[in-house]
>>> print(open('work.txt').read())   # compact mmCIF, C-alpha atoms
# COMPACT_ATOMS: atom_id res chain seq x y z
CA MET A 244 159.70 15.09 102.14
CA SER A 245 157.87 13.24 104.87
CA ALA A 246 156.59 9.81 103.92
CA ASP A 247 153.55 10.20 106.16
CA ILE A 248 151.33 11.09 103.21
CA LEU A 249 152.09 7.71 101.63
CA ASN A 250 150.63 5.96 104.65
CA ASN A 251 147.21 6.97 103.35
CA LEU A 252 147.48 5.25 99.97
CA ASN A 253 144.44 3.27 98.94
CA PRO A 254 144.84 -0.44 99.67
CA GLY A 255 146.44 -2.32 96.79
CA ILE A 256 148.38 0.57 95.26
CA GLU A 257 151.51 0.00 97.34
CA SER A 258 152.20 -3.37 95.68
CA LEU A 259 151.52 -2.14 92.13
CA HIS A 260 154.25 -1.28 89.63
CA PRO A 261 153.77 1.39 86.95
CA TYR A 262 152.76 0.03 83.56
CA GLU A 263 155.84 -0.42 81.40
CA PRO A 264 155.22 0.67 77.80
CA GLY A 265 157.38 -0.47 74.90
CA ARG A 266 160.54 1.55 74.35
CA SER A 267 160.10 4.34 71.83
CA ILE A 268 162.17 4.72 68.66
CA ASP A 269 163.52 8.08 69.87
CA GLU A 270 164.73 6.52 73.13
CA VAL A 271 166.58 3.74 71.34
CA VAL A 272 168.14 6.11 68.79
CA ALA A 273 169.36 8.35 71.62
CA GLU A 274 170.77 5.44 73.62
CA PHE A 275 172.36 3.36 70.87
CA GLY A 276 172.81 5.81 67.99
CA HIS A 277 171.10 3.72 65.33
CA ASP A 278 170.02 5.37 62.08
CA ASP A 279 167.32 2.81 61.39
CA VAL A 280 165.27 1.36 64.25
CA VAL A 281 162.45 -1.16 63.84
CA LYS A 282 159.79 -1.07 66.55
CA LEU A 283 157.94 -4.35 67.00
CA ALA A 284 157.09 -3.85 70.65
CA SER A 285 153.61 -2.43 71.13
CA ASN A 286 151.32 -4.30 68.71
CA GLU A 287 150.85 -1.25 66.50
CA ASN A 288 149.64 -1.52 62.92
CA PRO A 289 152.72 -1.60 60.62
CA LEU A 290 150.66 -0.03 57.83
CA GLY A 291 150.08 3.01 60.02
CA ALA A 292 146.89 4.98 60.51
CA SER A 293 143.81 4.72 58.34
CA PRO A 294 144.50 6.87 55.24
CA LYS A 295 140.94 8.15 55.33
CA ALA A 296 141.39 9.26 58.93
CA LEU A 297 144.66 11.02 58.08
CA SER A 298 143.01 12.87 55.20
CA ILE A 299 140.75 14.90 57.50
CA VAL A 300 143.37 16.18 59.96
CA SER A 301 143.88 19.49 58.14
CA GLU A 302 140.16 20.21 58.31
CA LEU A 303 140.24 20.36 62.11
CA LYS A 304 142.85 23.05 62.74
CA GLY A 305 140.28 25.86 62.91
CA ASP A 306 138.45 24.26 65.84
CA LEU A 307 141.33 23.47 68.20
CA HIS A 308 140.39 26.30 70.58
CA LEU A 309 136.98 24.70 71.18
CA TYR A 310 136.17 21.91 73.60
CA PRO A 311 135.33 18.59 71.95
CA ASP A 312 131.80 17.25 71.74
CA GLY A 313 131.33 16.00 75.30
CA ASN A 314 128.81 13.41 74.16
CA GLY A 315 130.87 12.15 71.19
CA THR A 316 127.70 12.23 69.08
CA LYS A 317 129.17 11.72 65.60
CA LEU A 318 131.58 8.99 66.71
CA LYS A 319 128.91 7.15 68.67
CA GLU A 320 126.59 7.28 65.66
CA GLU A 321 129.28 5.71 63.47
CA ILE A 322 130.02 3.04 66.08
CA ALA A 323 126.31 2.28 66.47
CA ASN A 324 125.97 1.81 62.73
CA HIS A 325 129.13 -0.31 62.53
CA GLU A 326 128.18 -2.56 65.46
CA ASN A 327 124.44 -2.61 64.68
CA VAL A 328 123.50 -1.43 68.17
CA ALA A 329 121.63 1.59 69.53
CA PHE A 330 123.30 4.91 70.27
CA GLU A 331 122.45 4.39 73.96
CA ASN A 332 124.52 1.18 74.03
CA ILE A 333 127.81 3.05 73.52
CA ILE A 334 130.36 4.91 75.64
CA ILE A 335 133.61 6.31 74.24
CA GLY A 336 136.87 6.50 76.12
CA ASN A 337 140.41 7.81 76.07
CA GLY A 338 141.50 4.44 74.76
CA SER A 339 139.60 1.29 75.71
CA ASN A 340 141.72 1.31 78.89
CA GLU A 341 139.57 4.13 80.21
CA ILE A 342 136.48 1.97 79.83
CA LEU A 343 138.19 -0.77 81.86
CA GLU A 344 139.01 1.77 84.55
CA LEU A 345 135.45 3.11 84.61
CA ALA A 346 134.13 -0.42 85.10
CA ALA A 347 136.50 -0.96 88.02
CA ARG A 348 135.63 2.38 89.63
CA ALA A 349 131.92 1.65 89.33
CA PHE A 350 131.93 -1.86 90.79
CA LEU A 351 135.13 -2.52 92.75
CA ASN A 352 136.11 -1.43 96.27
CA PRO A 353 138.18 -2.78 99.20
CA ASP A 354 135.44 -5.29 100.02
CA ALA A 355 135.24 -6.68 96.48
CA SER A 356 137.24 -8.91 94.14
CA SER A 357 137.68 -9.37 90.41
CA ILE A 358 138.70 -12.41 88.35
CA ALA A 359 141.08 -12.64 85.40
CA SER A 360 143.30 -15.25 83.84
CA LYS A 361 146.93 -15.56 84.79
CA HIS A 362 149.14 -13.91 82.12
CA ALA A 363 146.22 -11.65 81.16
CA PHE A 364 146.47 -7.96 80.22
CA ALA A 365 148.28 -6.06 82.98
CA VAL A 366 145.69 -3.28 83.21
CA TYR A 367 143.17 -5.61 84.89
CA LYS A 368 145.40 -5.83 87.95
CA ILE A 369 146.10 -2.10 87.91
CA VAL A 370 142.44 -1.03 87.82
CA THR A 371 141.45 -3.69 90.36
CA GLN A 372 144.07 -2.94 92.99
CA SER A 373 143.86 0.83 92.53
CA SER A 374 140.20 0.46 93.51
CA GLY A 375 141.30 -1.33 96.68
CA ALA A 376 139.92 -4.66 95.48
CA SER A 377 141.75 -7.96 95.13
CA LEU A 378 142.41 -9.80 91.86
CA ILE A 379 141.84 -13.55 91.69
CA GLU A 380 143.97 -15.15 88.97
CA VAL A 381 142.79 -18.33 87.25
CA PRO A 382 145.53 -20.70 85.99
CA THR A 383 145.76 -20.95 82.21
CA CYS A 384 145.13 -23.91 79.94
CA ASN A 385 147.73 -24.06 77.15
CA TRP A 386 148.47 -20.38 77.86
CA GLY A 387 144.83 -19.46 77.24
CA HIS A 388 141.90 -18.42 79.44
CA ASP A 389 140.41 -21.54 81.05
CA LEU A 390 136.88 -20.17 81.01
CA LYS A 391 135.43 -23.53 82.03
CA SER A 392 137.08 -23.04 85.43
CA PHE A 393 136.36 -19.35 85.99
CA ASP A 394 133.14 -19.91 87.92
CA ASP A 395 135.04 -22.16 90.36
CA TYR A 396 136.95 -19.06 91.48
CA LEU A 397 133.90 -16.89 92.09
CA GLU A 398 133.65 -15.59 95.64
CA ASN A 399 130.72 -13.95 97.37
CA ASN A 400 132.39 -10.56 96.90
CA THR A 401 133.33 -11.02 93.22
CA ARG A 402 131.97 -8.11 91.23
CA VAL A 403 133.87 -8.13 87.91
CA ILE A 404 135.30 -10.76 85.55
CA PHE A 405 137.81 -9.66 82.89
CA ILE A 406 138.19 -11.68 79.68
CA ALA A 407 140.81 -10.66 77.11
CA ASN A 408 139.76 -12.17 73.80
CA PRO A 409 142.28 -12.40 72.19
CA ASN A 410 144.60 -12.13 75.16
CA ASN A 411 147.68 -9.96 75.28
CA PRO A 412 150.47 -11.11 75.60
CA THR A 413 149.71 -14.76 74.76
CA GLY A 414 147.60 -14.23 71.63
CA THR A 415 145.19 -17.00 72.64
CA TYR A 416 141.44 -16.74 72.13
CA ASN A 417 138.18 -18.19 73.39
CA SER A 418 135.34 -19.42 71.21
CA HIS A 419 131.82 -18.04 71.22
CA GLU A 420 130.55 -21.17 72.95
CA GLU A 421 133.16 -20.89 75.72
CA VAL A 422 132.26 -17.28 76.47
CA TYR A 423 128.54 -18.01 76.24
CA SER A 424 128.83 -20.97 78.63
CA LEU A 425 130.62 -18.84 81.20
CA LEU A 426 128.03 -16.06 80.98
CA LYS A 427 125.28 -18.62 81.57
CA LYS A 428 127.01 -19.76 84.77
CA VAL A 429 127.93 -16.34 86.16
CA PRO A 430 125.40 -14.57 88.41
CA SER A 431 123.73 -11.65 86.65
CA SER A 432 125.02 -9.40 89.46
CA VAL A 433 128.64 -9.92 88.30
CA LEU A 434 129.91 -7.69 85.49
CA VAL A 435 131.70 -9.57 82.69
CA VAL A 436 134.10 -7.39 80.69
CA LEU A 437 134.91 -8.80 77.25
CA ASP A 438 138.03 -7.01 76.06
CA CYS A 439 138.19 -7.25 72.26
CA ALA A 440 141.09 -4.89 71.47
CA TYR A 441 142.41 -7.23 68.75
CA PHE A 442 138.98 -8.30 67.52
CA GLU A 443 139.44 -7.43 63.83
CA TYR A 444 142.57 -9.55 63.42
CA VAL A 445 140.86 -12.81 64.35
CA THR A 446 139.86 -15.02 61.42
CA LYS A 447 138.73 -18.13 63.34
CA GLU A 448 135.20 -19.25 62.47
CA ASP A 449 134.33 -20.13 66.08
CA TYR A 450 135.47 -16.76 67.46
CA VAL A 451 133.14 -14.88 69.77
CA LYS A 452 130.22 -12.85 68.39
CA PRO A 453 130.00 -10.14 71.06
CA ILE A 454 126.79 -8.44 69.93
CA ASP A 455 124.90 -11.74 69.93
CA LEU A 456 125.89 -12.12 73.58
CA LEU A 457 124.90 -8.55 74.39
CA ASN A 458 121.36 -9.27 73.24
CA GLU A 459 121.02 -11.89 75.98
CA PHE A 460 123.20 -10.70 78.87
CA ASP A 461 122.70 -7.35 80.60
CA ASN A 462 125.83 -7.88 82.73
CA LEU A 463 128.17 -7.83 79.71
CA LEU A 464 130.48 -4.93 78.80
CA ILE A 465 132.36 -5.19 75.47
CA THR A 466 135.42 -3.01 74.93
CA LYS A 467 137.17 -2.25 71.64
CA SER A 468 140.07 -0.06 70.56
CA PHE A 469 141.10 2.17 67.65
CA SER A 470 144.77 1.67 68.57
CA LYS A 471 145.32 -1.64 66.78
CA ILE A 472 143.73 -2.39 63.39
CA HIS A 473 142.85 1.28 62.80
CA GLY A 474 146.38 2.50 63.59
CA LEU A 475 145.32 5.38 65.85
CA ALA A 476 147.31 4.46 68.96
CA SER A 477 148.79 7.93 69.53
CA ILE A 478 145.46 9.76 69.77
CA ARG A 479 143.93 7.41 72.40
CA VAL A 480 140.38 6.43 71.59
CA GLY A 481 138.27 3.34 72.26
CA TYR A 482 134.72 2.42 73.17
CA GLY A 483 132.48 0.21 75.23
CA ILE A 484 129.17 -1.46 74.34
CA ALA A 485 126.68 -2.56 76.97
CA SER A 486 123.06 -2.25 78.04
CA PRO A 487 121.81 1.35 78.20
CA SER A 488 121.44 1.17 81.99
CA LEU A 489 125.06 0.08 82.41
CA ILE A 490 126.31 2.73 79.97
CA GLU A 491 124.37 5.39 81.89
CA VAL A 492 126.12 4.37 85.12
CA LEU A 493 129.56 4.52 83.52
CA ASN A 494 128.78 7.94 82.06
CA ARG A 495 128.12 9.25 85.58
CA ILE A 496 131.80 8.81 86.47
CA ARG A 497 133.32 9.49 83.04
CA GLN A 498 135.41 12.66 82.95
CA PRO A 499 133.95 15.50 80.82
CA PHE A 500 135.50 15.92 77.36
CA ASN A 501 137.44 12.67 77.81
CA VAL A 502 137.99 12.11 74.07
CA ASN A 503 139.53 14.99 72.15
CA THR A 504 138.20 16.45 68.90
CA LEU A 505 140.97 15.02 66.72
CA ALA A 506 140.44 11.52 68.12
CA GLN A 507 136.68 11.65 67.66
CA ALA A 508 136.91 12.89 64.07
CA MET A 509 139.62 10.46 62.97
CA ALA A 510 137.96 7.48 64.64
CA SER A 511 134.61 8.38 63.01
CA VAL A 512 136.27 7.96 59.61
CA ALA A 513 138.64 5.10 60.44
CA ILE A 514 135.87 2.75 61.57
CA ASN A 515 134.52 2.78 58.00
CA ASP A 516 137.88 2.51 56.20
CA ASN A 517 137.23 -1.05 55.10
CA GLU A 518 140.08 -1.07 52.59
CA HIS A 519 142.65 -0.25 55.28
CA ILE A 520 141.17 -2.88 57.58
CA ARG A 521 141.26 -5.49 54.80
CA LYS A 522 144.89 -4.74 53.89
CA SER A 523 145.90 -4.82 57.56
CA VAL A 524 144.30 -8.23 58.14
CA GLU A 525 145.81 -9.66 54.93
CA LEU A 526 149.30 -8.42 55.81
CA ASN A 527 149.00 -9.72 59.35
CA SER A 528 147.85 -13.19 58.26
CA LYS A 529 150.62 -13.49 55.66
CA GLU A 530 153.41 -12.21 57.89
CA TYR A 531 152.20 -14.18 60.91
CA GLU A 532 152.68 -17.40 58.99
CA PHE A 533 156.16 -16.28 57.88
CA LEU A 534 157.27 -15.26 61.38
CA PHE A 535 155.78 -18.27 63.14
CA ASN A 536 157.51 -20.65 60.71
CA LYS A 537 160.86 -18.85 60.90
CA LEU A 538 160.81 -18.77 64.70
CA SER A 539 159.86 -22.44 64.85
CA GLU A 540 162.68 -23.33 62.42
CA LEU A 541 165.07 -21.66 64.84
CA GLY A 542 163.94 -24.08 67.55
CA LEU A 543 161.92 -21.49 69.44
CA GLU A 544 158.66 -22.33 71.19
CA CYS A 545 155.86 -20.09 69.90
CA ILE A 546 152.44 -19.67 71.47
CA PRO A 547 149.92 -19.84 68.59
CA SER A 548 148.36 -16.39 68.26
CA VAL A 549 145.28 -14.92 66.60
CA GLY A 550 146.41 -11.34 67.22
CA ASN A 551 149.06 -9.19 65.54
CA PHE A 552 151.93 -10.49 67.66
CA ILE A 553 153.71 -13.71 68.61
CA THR A 554 155.11 -14.56 72.05
CA PHE A 555 157.93 -17.08 72.06
CA LYS A 556 160.73 -18.47 74.19
CA GLY A 557 164.09 -20.14 73.65
CA ASP A 558 167.33 -20.80 75.46
CA PHE A 559 167.59 -17.25 76.77
CA ILE A 560 166.28 -14.90 79.42
CA GLY A 561 163.66 -12.61 77.92
CA LYS A 562 165.02 -9.36 79.34
CA GLU A 563 168.53 -10.15 78.13
CA MET A 564 167.35 -10.96 74.61
CA PHE A 565 165.23 -7.81 74.62
CA ASN A 566 168.31 -5.71 75.43
CA SER A 567 170.50 -7.52 72.89
CA LEU A 568 167.98 -6.98 70.10
CA MET A 569 167.66 -3.33 71.05
CA GLN A 570 171.41 -2.91 70.62
CA LYS A 571 170.88 -4.10 67.05
CA GLY A 572 168.10 -1.59 66.43
CA ILE A 573 165.15 -3.93 67.00
CA ILE A 574 162.62 -3.08 69.71
CA VAL A 575 160.54 -6.03 70.94
CA ARG A 576 158.91 -6.62 74.31
CA ALA A 577 160.09 -8.55 77.34
CA VAL A 578 157.08 -9.86 79.26
CA ASP A 579 158.45 -10.19 82.79
CA LEU A 580 155.47 -8.12 83.91
CA TYR A 581 153.26 -11.09 83.01
CA ASP A 582 155.34 -13.63 84.93
CA MET A 583 156.82 -14.90 81.64
CA LYS A 584 160.48 -14.02 82.10
CA ASP A 585 161.70 -16.56 79.53
CA PHE A 586 159.53 -15.09 76.76
CA ILE A 587 159.71 -12.32 74.19
CA ARG A 588 156.71 -10.79 72.42
CA VAL A 589 157.17 -9.49 68.89
CA THR A 590 154.65 -7.48 66.90
CA ILE A 591 154.03 -8.73 63.36
CA GLY A 592 155.48 -6.06 61.10
CA THR A 593 155.94 -5.55 57.39
CA GLU A 594 157.96 -8.06 55.39
CA ALA A 595 161.06 -5.84 55.57
CA GLU A 596 160.70 -5.31 59.32
CA ASN A 597 160.21 -9.01 59.99
CA LEU A 598 163.25 -9.94 57.89
CA LYS A 599 165.41 -7.49 59.79
CA PHE A 600 164.14 -8.88 63.09
CA ILE A 601 164.81 -12.50 62.09
CA LYS A 602 168.31 -11.61 60.87
CA ALA A 603 169.17 -9.92 64.17
CA LEU A 604 167.65 -12.74 66.20
CA LYS A 605 169.65 -15.39 64.30
CA GLU A 606 172.86 -13.54 65.07
CA LEU A 607 172.08 -13.65 68.79
CA LEU A 608 170.98 -17.28 69.13
>>> encode(input="work.txt", output="structure tokens")
Amino acid sequence: MSADILNNLNPGIESLHPYEPGRSIDEVVAEFGHDDVVKLASNENPLGASPKALSIVSELKGDLHLYPDGNGTKLKEEIANHENVAFENIIIGNGSNEILELAARAFLNPDASSIASKHAFAVYKIVTQSSGASLIEVPTCNWGHDLKSFDDYLENNTRVIFIANPNNPTGTYNSHEEVYSLLKKVPSSVLVVLDCAYFEYVTKEDYVKPIDLLNEFDNLLITKSFSKIHGLASIRVGYGIASPSLIEVLNRIRQPFNVNTLAQAMASVAINDNEHIRKSVELNSKEYEFLFNKLSELGLECIPSVGNFITFKGDFIGKEMFNSLMQKGIIVRAVDLYDMKDFIRVTIGTEAENLKFIKALKELL
């Protein structure tokens, strides 16, 4: 096939690499023949999906020939009640990633730039460069977003700022005061995207209060996910919260029927499954302490995390350790994509999963 067609790629796409997801259990079983594989690679909830959400699946089978509610009415009503915002403040997406992409499509172009921290979530670069824009990376401070410096990197053509709070893959977070101070300094013409995918796991008292910020700043877009604490990663559903005028703009370019019926119904129930959320947070807090201490005892350098994962390094190359652990039936995540080739990221699992991981890791160190 002639390569001439590729000469017309949008600027920025040529230098992008496809997003690399965590290896699946089926892939590892097929490659290595393990009977029992532990996946601690993709920051999924080890307790699984919300039991209340699972309980309604059988009720939906009679409607699968019908298109989903294109407005997501029921789900948006539940989100509005949960977040204490108006219905008009909400947009739902095929995962919160879709909301990030909509923001980039609405505001970025070849004459524009966006800002994000170095070692921040890989999707920010993907959505920026696929829009033809350029991404400005701000150096980190102790692996975290140095929000005090973000405004120093603003250019005349900067249209979007991405903040991952907490950040993946470092697990670092920014306080309410840090985010507020940045918003006060940023021109109101610049969109600030506050990505809160791991919001529910954070127990720090000074953590950001997104809705309080929304009440003051019309240039703020908050994104959240049902993939993490709610355990609904496979059905792809998330949402954004912003001023009604901003939501209306994003809805203009949102694909019709972007969130399927199953996802809408399960998410509508999961958001109110407080018992599942409580158990998930308790397990994560308990097992985080166990894993962090065990990794530290092994002489490994851990980045303190407020999410459901820990990123650490030792006397090894991340990709090599990733492959060695996989041969032992443990799937973790190498983070070369984030310019952290000496690091490994591990999801906090159940007690049994974490013990198996530590045992395998000890054998390889």
>>> closest_residue(input="work.txt", among="A:Gln570, A:Ser377, A:Ser548, A:Thr383", to="Val403 in chain A", atoms="all atoms listed in the file")
A:Ser377
>>> closest_residue(input="work.txt", among="A:Lys556, A:Lys427, A:Lys471, A:Lys317", to="Glu287 in chain A", atoms="only C-alpha atoms")
A:Lys471
>>> atom_distance(input="work.txt", atom1="CA of Ser356 in chain A", atom2="CA of Ile379 in chain A")
7.0 Å
>>> residues_around(input="work.txt", residues="Leu434 in chain A", least_positions_apart="5", cutoff="8 Å", atoms="all atoms listed in the file", output="list in words")
Arg402, Val403, Ile404, Asn462, Leu463 and Leu464 of chain A
>>> atom_distance(input="work.txt", atom1="CA of Val445 in chain A", atom2="CA of Leu318 in chain A")
23.8 Å
>>> atom_distance(input="work.txt", atom1="CA of Asn324 in chain A", atom2="CA of Asn408 in chain A")
22.5 Å
>>> closest_residue(input="work.txt", among="A:Ile334, A:Leu283, A:Ile299, A:Ala603", to="Ser567 in chain A", atoms="all atoms listed in the file")
A:Ala603
>>> residues_near_point(input="work.txt", point="(122.6, -1.4, 77.4)", cutoff="10 Å", atoms="all atoms listed in the file", output="PyMOL selection string")
chain A and resi 328-333+457-458+460-464+484-491
>>> residues_around(input="work.txt", residues="Phe469 in chain A", least_positions_apart="6", cutoff="7 Å", atoms="only C-alpha atoms", output="ChimeraX atom specification")
/A:475-476,480-481,510
>>> residues_near_point(input="work.txt", point="(135.3, 6.7, 79.1)", cutoff="9 Å", atoms="all atoms listed in the file", output="list in words")
Ile334, Ile335, Gly336, Asn337, Gly338, Ser339, Asn340, Glu341, Ile342, Leu343, Glu344, Leu345, Gly481, Tyr482, Gly483, Leu493, Asn494, Ile496, Arg497, Gln498, Asn501 and Val502 of chain A
>>> closest_residue(input="work.txt", among="A:Ser432, A:Thr371, A:Thr466, A:Thr413", to="Pro547 in chain A", atoms="all atoms listed in the file")
A:Thr413
>>> closest_residue(input="work.txt", among="A:Ala506, A:Ala376, A:Val589, A:Leu608", to="Tyr531 in chain A", atoms="all atoms listed in the file")
A:Val589
